[in-house]
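S.K.: This is final.pdb, which holds PDB, C-alpha atoms:
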MODEL        1
ATOM      1  CA  MET F   1       6.256 181.697 -75.390
ATOM      2  CA  THR F   2       4.007 179.242 -73.609
ATOM      3  CA  THR F   3       2.362 179.367 -70.204
ATOM      4  CA  ALA F   4       1.978 176.434 -67.849
ATOM      5  CA  LEU F   5      -1.695 175.874 -67.086
ATOM      6  CA  PRO F   6      -2.966 175.875 -63.485
ATOM      7  CA  SER F   7      -3.415 172.385 -62.061
ATOM      8  CA  GLN F   8      -7.212 172.747 -61.723
ATOM      9  CA  LEU F   9      -7.560 173.702 -65.394
ATOM     10  CA  ARG F  10      -5.426 170.689 -66.377
ATOM     11  CA  ALA F  11      -7.566 168.460 -64.133
ATOM     12  CA  ASP F  12     -10.778 169.805 -65.701
ATOM     13  CA  LEU F  13      -9.399 169.130 -69.201
ATOM     14  CA  GLU F  14      -8.543 165.563 -68.154
ATOM     15  CA  THR F  15     -12.024 165.087 -66.665
ATOM     16  CA  ALA F  16     -13.637 166.338 -69.895
ATOM     17  CA  GLY F  17     -11.646 163.589 -71.604
ATOM     18  CA  TYR F  18     -11.582 165.055 -75.101
ATOM     19  CA  PHE F  19      -7.950 165.301 -76.226
ATOM     20  CA  PRO F  20      -6.805 167.049 -73.030
ATOM     21  CA  GLN F  21      -3.170 167.362 -74.150
ATOM     22  CA  THR F  22      -4.229 169.035 -77.404
ATOM     23  CA  ALA F  23      -6.530 171.450 -75.565
ATOM     24  CA  ALA F  24      -3.762 172.255 -73.061
ATOM     25  CA  ARG F  25      -1.217 172.955 -75.816
ATOM     26  CA  ASN F  26      -3.700 175.146 -77.678
ATOM     27  CA  LEU F  27      -4.343 177.200 -74.524
ATOM     28  CA  GLU F  28      -0.688 177.374 -73.501
ATOM     29  CA  LEU F  29       0.273 178.882 -76.860
ATOM     30  CA  SER F  30      -2.494 181.486 -76.640
ATOM     31  CA  LEU F  31      -1.902 182.586 -73.048
ATOM     32  CA  ARG F  32       1.490 184.118 -73.946
ATOM     33  CA  GLY F  33       2.681 184.311 -70.346
ATOM     34  CA  ALA F  34      -0.601 185.595 -68.877
ATOM     35  CA  THR F  35      -1.923 184.346 -65.539
ATOM     36  CA  VAL F  36      -5.221 182.448 -65.602
ATOM     37  CA  LEU F  37      -7.790 184.152 -63.325
ATOM     38  CA  ALA F  38     -10.690 181.788 -64.052
ATOM     39  CA  HIS F  39     -11.707 179.118 -66.528
ATOM     40  CA  LEU F  40     -14.710 177.145 -67.745
ATOM     41  CA  VAL F  41     -14.426 173.754 -69.492
ATOM     42  CA  ARG F  42     -17.498 172.496 -71.374
ATOM     43  CA  PRO F  43     -17.495 169.152 -73.210
ATOM     44  CA  GLU F  44     -20.415 168.432 -75.506
ATOM     45  CA  THR F  45     -21.515 165.465 -77.574
ATOM     46  CA  THR F  46     -23.908 165.888 -80.481
ATOM     47  CA  PHE F  47     -25.555 163.357 -82.765
ATOM     48  CA  ASP F  48     -25.670 163.999 -86.512
ATOM     49  CA  GLY F  49     -27.655 161.172 -88.070
ATOM     50  CA  SER F  50     -25.636 158.052 -87.295
ATOM     51  CA  GLU F  51     -22.502 160.057 -86.386
ATOM     52  CA  VAL F  52     -21.470 160.974 -82.865
ATOM     53  CA  ARG F  53     -19.524 164.261 -82.798
ATOM     54  CA  ARG F  54     -17.589 165.474 -79.815
ATOM     55  CA  HIS F  55     -16.768 169.092 -79.018
ATOM     56  CA  LEU F  56     -14.917 170.907 -76.289
ATOM     57  CA  THR F  57     -15.164 174.593 -75.459
ATOM     58  CA  VAL F  58     -12.759 176.130 -72.964
ATOM     59  CA  VAL F  59     -13.072 179.749 -71.850
ATOM     60  CA  VAL F  60     -10.113 181.247 -69.977
ATOM     61  CA  LEU F  61     -10.024 184.654 -68.320
ATOM     62  CA  THR F  62      -6.830 186.662 -67.774
ATOM     63  CA  ALA F  63      -6.466 190.236 -66.527
ATOM     64  CA  SER F  64      -6.480 191.543 -70.103
ATOM     65  CA  HIS F  65      -7.936 188.833 -72.359
ATOM     66  CA  LEU F  66     -10.660 186.277 -72.810
ATOM     67  CA  ILE F  67      -9.334 183.152 -74.506
ATOM     68  CA  ILE F  68     -11.756 180.754 -76.144
ATOM     69  CA  ALA F  69     -10.497 177.384 -77.330
ATOM     70  CA  HIS F  70     -12.705 175.015 -79.267
ATOM     71  CA  LEU F  71     -11.938 171.436 -80.275
ATOM     72  CA  ASP F  72     -14.052 169.495 -82.785
ATOM     73  CA  ASP F  73     -13.995 166.136 -84.493
ATOM     74  CA  ASP F  74     -13.137 166.642 -88.149
ATOM     75  CA  PRO F  75     -15.156 164.435 -90.509
ATOM     76  CA  ALA F  76     -13.056 161.523 -91.685
ATOM     77  CA  ASP F  77     -12.153 160.948 -95.318
ATOM     78  CA  ASN F  78      -9.925 158.504 -97.205
ATOM     79  CA  LEU F  79      -6.744 160.461 -96.479
ATOM     80  CA  ASN F  80      -7.508 161.383 -92.859
ATOM     81  CA  PRO F  81      -9.506 158.703 -91.081
ATOM     82  CA  SER F  82      -9.711 160.683 -87.846
ATOM     83  CA  GLN F  83      -8.675 164.212 -86.905
ATOM     84  CA  VAL F  84      -9.386 166.828 -84.264
ATOM     85  CA  VAL F  85      -9.402 170.532 -85.088
ATOM     86  CA  ALA F  86      -8.333 172.946 -82.339
ATOM     87  CA  THR F  87      -9.006 176.662 -82.741
ATOM     88  CA  CYS F  88      -8.384 179.469 -80.312
ATOM     89  CA  GLU F  89      -9.565 183.058 -80.215
ATOM     90  CA  ARG F  90      -7.898 185.700 -78.025
ATOM     91  CA  ILE F  91     -10.171 188.663 -77.282
ATOM     92  CA  ARG F  92      -9.055 191.793 -75.451
ATOM     93  CA  LEU F  93     -11.347 192.420 -72.474
ATOM     94  CA  ARG F  94     -11.737 196.009 -73.692
ATOM     95  CA  ARG F  95     -13.619 194.571 -76.709
ATOM     96  CA  VAL F  96     -16.220 192.760 -74.584
ATOM     97  CA  ILE F  97     -19.377 194.814 -74.884
ATOM     98  CA  SER F  98     -21.798 192.712 -72.886
ATOM     99  CA  THR F  99     -22.251 189.602 -70.803
ATOM    100  CA  GLY F 100     -25.422 187.824 -69.901
ATOM    101  CA  LEU F 101     -26.513 185.054 -67.605
ATOM    102  CA  SER F 102     -29.831 183.339 -68.211
ATOM    103  CA  GLN F 103     -31.007 181.198 -65.296
ATOM    104  CA  VAL F 104     -33.695 178.510 -65.411
ATOM    105  CA  PHE F 105     -35.315 177.276 -62.204
ATOM    106  CA  ASP F 106     -37.585 174.285 -61.644
ATOM    107  CA  THR F 107     -40.792 175.065 -59.757
ATOM    108  CA  ASP F 108     -43.501 173.083 -58.043
ATOM    109  CA  GLY F 109     -46.110 175.463 -59.471
ATOM    110  CA  SER F 110     -45.905 178.125 -56.774
ATOM    111  CA  ARG F 111     -42.293 178.067 -55.542
ATOM    112  CA  VAL F 112     -38.808 177.587 -56.947
ATOM    113  CA  ARG F 113     -37.311 174.212 -56.029
ATOM    114  CA  GLY F 114     -33.602 174.468 -55.271
ATOM    115  CA  ASP F 115     -30.879 176.089 -57.312
ATOM    116  CA  GLU F 116     -30.696 176.725 -61.043
ATOM    117  CA  ALA F 117     -31.675 173.797 -63.265
ATOM    118  CA  GLU F 118     -29.634 175.331 -66.068
ATOM    119  CA  VAL F 119     -27.780 178.486 -67.027
ATOM    120  CA  THR F 120     -26.653 180.023 -70.285
ATOM    121  CA  LEU F 121     -23.623 182.293 -70.209
ATOM    122  CA  GLY F 122     -23.426 184.784 -73.071
ATOM    123  CA  ILE F 123     -20.484 186.983 -74.005
ATOM    124  CA  THR F 124     -20.497 189.504 -76.847
ATOM    125  CA  TRP F 125     -17.467 191.252 -78.324
ATOM    126  CA  SER F 126     -18.626 191.881 -81.906
ATOM    127  CA  GLY F 127     -16.410 189.148 -83.262
ATOM    128  CA  SER F 128     -19.129 187.606 -85.404
ATOM    129  CA  ARG F 129     -22.680 188.429 -86.352
ATOM    130  CA  ARG F 130     -25.725 186.399 -87.298
ATOM    131  CA  ILE F 131     -27.901 187.802 -90.084
ATOM    132  CA  ASP F 132     -31.536 186.699 -90.409
ATOM    133  CA  LEU F 133     -33.066 187.847 -93.720
ATOM    134  CA  GLU F 134     -36.522 187.563 -95.244
ATOM    135  CA  ARG F 135     -38.228 189.058 -98.258
ATOM    136  CA  ALA F 136     -39.692 192.494 -97.594
ATOM    137  CA  VAL F 137     -43.374 192.871 -98.445
ATOM    138  CA  CYS F 138     -45.812 195.753 -98.474
ATOM    139  CA  ASP F 139     -49.392 195.925 -97.182
ATOM    140  CA  ASP F 140     -50.916 195.721-100.669
ATOM    141  CA  PRO F 141     -51.885 192.078-101.345
ATOM    142  CA  GLU F 142     -51.960 192.789-105.124
ATOM    143  CA  CYS F 143     -48.442 194.280-105.229
ATOM    144  CA  GLN F 144     -45.995 192.510-107.565
ATOM    145  CA  ALA F 145     -42.979 194.757-106.872
ATOM    146  CA  ASP F 146     -39.711 193.479-105.495
ATOM    147  CA  HIS F 147     -39.258 195.229-102.166
ATOM    148  CA  GLY F 148     -35.847 193.702-101.467
ATOM    149  CA  TYR F 149     -35.059 192.119 -98.134
ATOM    150  CA  THR F 150     -35.444 192.992 -94.491
ATOM    151  CA  GLY F 151     -33.855 191.394 -91.497
ATOM    152  CA  THR F 152     -31.876 191.671 -88.329
ATOM    153  CA  VAL F 153     -28.214 191.554 -87.447
ATOM    154  CA  ALA F 154     -27.365 190.179 -84.022
ATOM    155  CA  PRO F 155     -24.086 189.429 -82.263
ATOM    156  CA  ALA F 156     -23.334 185.708 -82.186
ATOM    157  CA  ASP F 157     -20.082 185.455 -80.289
ATOM    158  CA  LEU F 158     -20.388 182.915 -77.460
ATOM    159  CA  ALA F 159     -23.245 181.225 -75.656
ATOM    160  CA  VAL F 160     -22.503 178.355 -73.294
ATOM    161  CA  ARG F 161     -25.454 176.346 -71.944
ATOM    162  CA  ILE F 162     -24.973 174.249 -68.819
ATOM    163  CA  SER F 163     -27.658 171.925 -67.469
ATOM    164  CA  ALA F 164     -27.699 170.435 -63.971
ATOM    165  CA  LEU F 165     -29.458 167.352 -65.326
ATOM    166  CA  ALA F 166     -26.911 166.708 -68.098
ATOM    167  CA  ASP F 167     -23.754 168.273 -66.657
ATOM    168  CA  GLY F 168     -24.281 168.221 -62.895
ATOM    169  CA  GLU F 169     -24.983 170.888 -60.299
ATOM    170  CA  ARG F 170     -21.256 171.576 -59.867
ATOM    171  CA  ALA F 171     -20.961 172.501 -63.569
ATOM    172  CA  VAL F 172     -23.853 174.974 -63.215
ATOM    173  CA  ALA F 173     -22.174 176.530 -60.151
ATOM    174  CA  GLU F 174     -18.895 176.790 -62.101
ATOM    175  CA  GLY F 175     -20.671 178.606 -64.944
ATOM    176  CA  ILE F 176     -22.202 181.109 -62.520
ATOM    177  CA  ALA F 177     -18.829 181.601 -60.794
ATOM    178  CA  PHE F 178     -17.058 182.187 -64.128
ATOM    179  CA  HIS F 179     -19.624 184.833 -65.030
ATOM    180  CA  GLY F 180     -18.904 186.550 -61.704
ATOM    181  CA  HIS F 181     -15.124 186.476 -62.338
ATOM    182  CA  LEU F 182     -15.668 187.948 -65.791
ATOM    183  CA  ILE F 183     -17.805 190.791 -64.421
ATOM    184  CA  ASP F 184     -15.159 191.508 -61.753
ATOM    185  CA  ALA F 185     -12.395 191.611 -64.403
ATOM    186  CA  LEU F 186     -14.435 193.931 -66.630
ATOM    187  CA  ASP F 187     -15.207 196.230 -63.676
ATOM    188  CA  ALA F 188     -11.522 196.282 -62.668
ATOM    189  CA  LEU F 189     -10.544 197.171 -66.232
ATOM    190  CA  GLU F 190     -13.100 199.997 -66.278
ATOM    191  CA  ASP F 191     -11.829 201.311 -62.918
ATOM    192  CA  ARG F 192      -8.214 201.311 -64.229
ATOM    193  CA  ASP F 193      -9.213 203.144 -67.399
ATOM    194  CA  GLY F 194     -11.149 205.691 -65.357
TER     195      GLY F 194
ENDMDL
END
Could you render the structure from this file as structure tokens?

M.R.:
Amino acid sequence: MTTALPSQLRADLETAGYFPQTAARNLELSLRGATVLAHLVRPETTFDGSEVRRHLTVVVLTASHLIIAHLDDDPADNLNPSQVVATCERIRLRRVISTGLSQVFDTDGSRVRGDEAEVTLGITWSGSRRIDLERAVCDDPECQADHGYTGTVAPADLAVRISALADGERAVAEGIAFHGHLIDALDALEDRDG
């Protein structure tokens, strides 16, 4: 079962310009008949030495799921001179445990100038974790014992950074609006569940 994408989502995929038909197909297969409530399309270009790598992240909200599609350039080799890899994750909204919105404002020293200069949207559902380890040590500088390791485990599910300078003020506003739609959907789900 596939779902036709809303025209604005299709237009945003075309504007991003990174294999829009592939991104659309990937999303259509994952929606499984669900209605799109909101979406966020984020193209990104990174530089790895002399290589330019393109990426696309698309976040789609339905009444019951968060769908995250990601497209990446696959490094070329002799057999495959150029490929794109499209992956999609479908997360039940009930699994979302937190959202966050970090806002950065430019100032003139004493007052904020205008709207957000950048935002970072974070969503956590315990899908993946980042582990930072380091050797454990004791307070005795002469100690030769192996004290094992210590560290932290932190959720590392999704963080999307949007900059007005790089992406435009409209993109920042879209990120803030998507966060609002997500909060509304989570609140509605909580109200239904009682």

S.K.: Could you write out as a PyMOL selection string the residues that the PyMOL selection byres ((chain F and resi 73) around 9) matches in the shown file?

M.R.: chain F and resi 53-55+71-72+74-76+82-85

S.K.: CA of Leu27 in chain F to CA of Phe178 in chain F: how many Å, to one decimal?

M.R.: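 We find that CA of Leu27 in chain F and CA of Phe178 in chain F lie 17.2 Å from each other.
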
S.K.: I need the residue nearest Arg92 in chain F from this list: F:Ser64, F:Glu118, F:Gly33, F:Ala69. Use all atoms listed in the file for the distance.

M.R.: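 Going through F:Ser64, F:Glu118, F:Gly33, F:Ala69 one by one, the smallest distance to Arg92 in chain F is for F:Ser64.
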
S.K.: Apply the PyMOL selection byres ((chain F and resi 106-116) around 10) to the file shown and report the selected residues as number ranges by chain.

M.R.: F: 102-105, 117-119, 162-164, 169, 172-173, 176

S.K.: How would you write as a tab-separated table (two decimals) with C-alpha atoms, in the coordinates of the input the residues that get within 10 Å of (-2.0, 181.1, -73.8) in the file's frame, counting only C-alpha atoms?

M.R.:
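Dumped to selection11.tsv:
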chain	number	residue	atom	x	y	z
F	1	MET	CA	6.26	181.70	-75.39
F	2	THR	CA	4.01	179.24	-73.61
F	3	THR	CA	2.36	179.37	-70.20
F	4	ALA	CA	1.98	176.43	-67.85
F	5	LEU	CA	-1.70	175.87	-67.09
F	24	ALA	CA	-3.76	172.26	-73.06
F	25	ARG	CA	-1.22	172.96	-75.82
F	26	ASN	CA	-3.70	175.15	-77.68
F	27	LEU	CA	-4.34	177.20	-74.52
F	28	GLU	CA	-0.69	177.37	-73.50
F	29	LEU	CA	0.27	178.88	-76.86
F	30	SER	CA	-2.49	181.49	-76.64
F	31	LEU	CA	-1.90	182.59	-73.05
F	32	ARG	CA	1.49	184.12	-73.95
F	33	GLY	CA	2.68	184.31	-70.35
F	34	ALA	CA	-0.60	185.60	-68.88
F	35	THR	CA	-1.92	184.35	-65.54
F	36	VAL	CA	-5.22	182.45	-65.60
F	60	VAL	CA	-10.11	181.25	-69.98
F	62	THR	CA	-6.83	186.66	-67.77
F	65	HIS	CA	-7.94	188.83	-72.36
F	67	ILE	CA	-9.33	183.15	-74.51
F	69	ALA	CA	-10.50	177.38	-77.33
F	88	CYS	CA	-8.38	179.47	-80.31
F	90	ARG	CA	-7.90	185.70	-78.03

S.K.: Give me the result of the PyMOL selection byres ((chain F and resi 124) around 6) on this file, residue by residue, as an NGL selection string.

M.R.: :F and (96-98 or 123 or 125-126 or 157)

S.K.: What is the CA of Leu9 in chain F to CA of His181 in chain F distance in Å?

M.R.: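 Result for CA of Leu9 in chain F versus CA of His181 in chain F: 15.2 Å, one decimal.
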
S.K.: Show me, as AutoDock Vina command-line options, the centre and edge lengths in Å to one decimal of the axis-aligned box that covers every listed atom of range 5-20 of chain F with 8 Å on each side.

M.R.:
--center_x -7.7 --center_y 169.7 --center_z -69.0 --size_x 27.9 --size_y 28.3 --size_z 30.5

S.K.: Out of F:Ala38, F:Leu158, F:Ala136, F:Ala188, which residue has the shortest atom-to-atom distance to Ile68 in chain F when counting all atoms listed in the file?

M.R.: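 The answer is F:Leu158, which sits nearest to Ile68 in chain F.
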
S.K.: Please report the interatomic distance between CA of Arg95 in chain F and CA of Leu37 in chain F in Å with one decimal.

M.R.: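 Between these atoms lies a distance of 17.9 Å.
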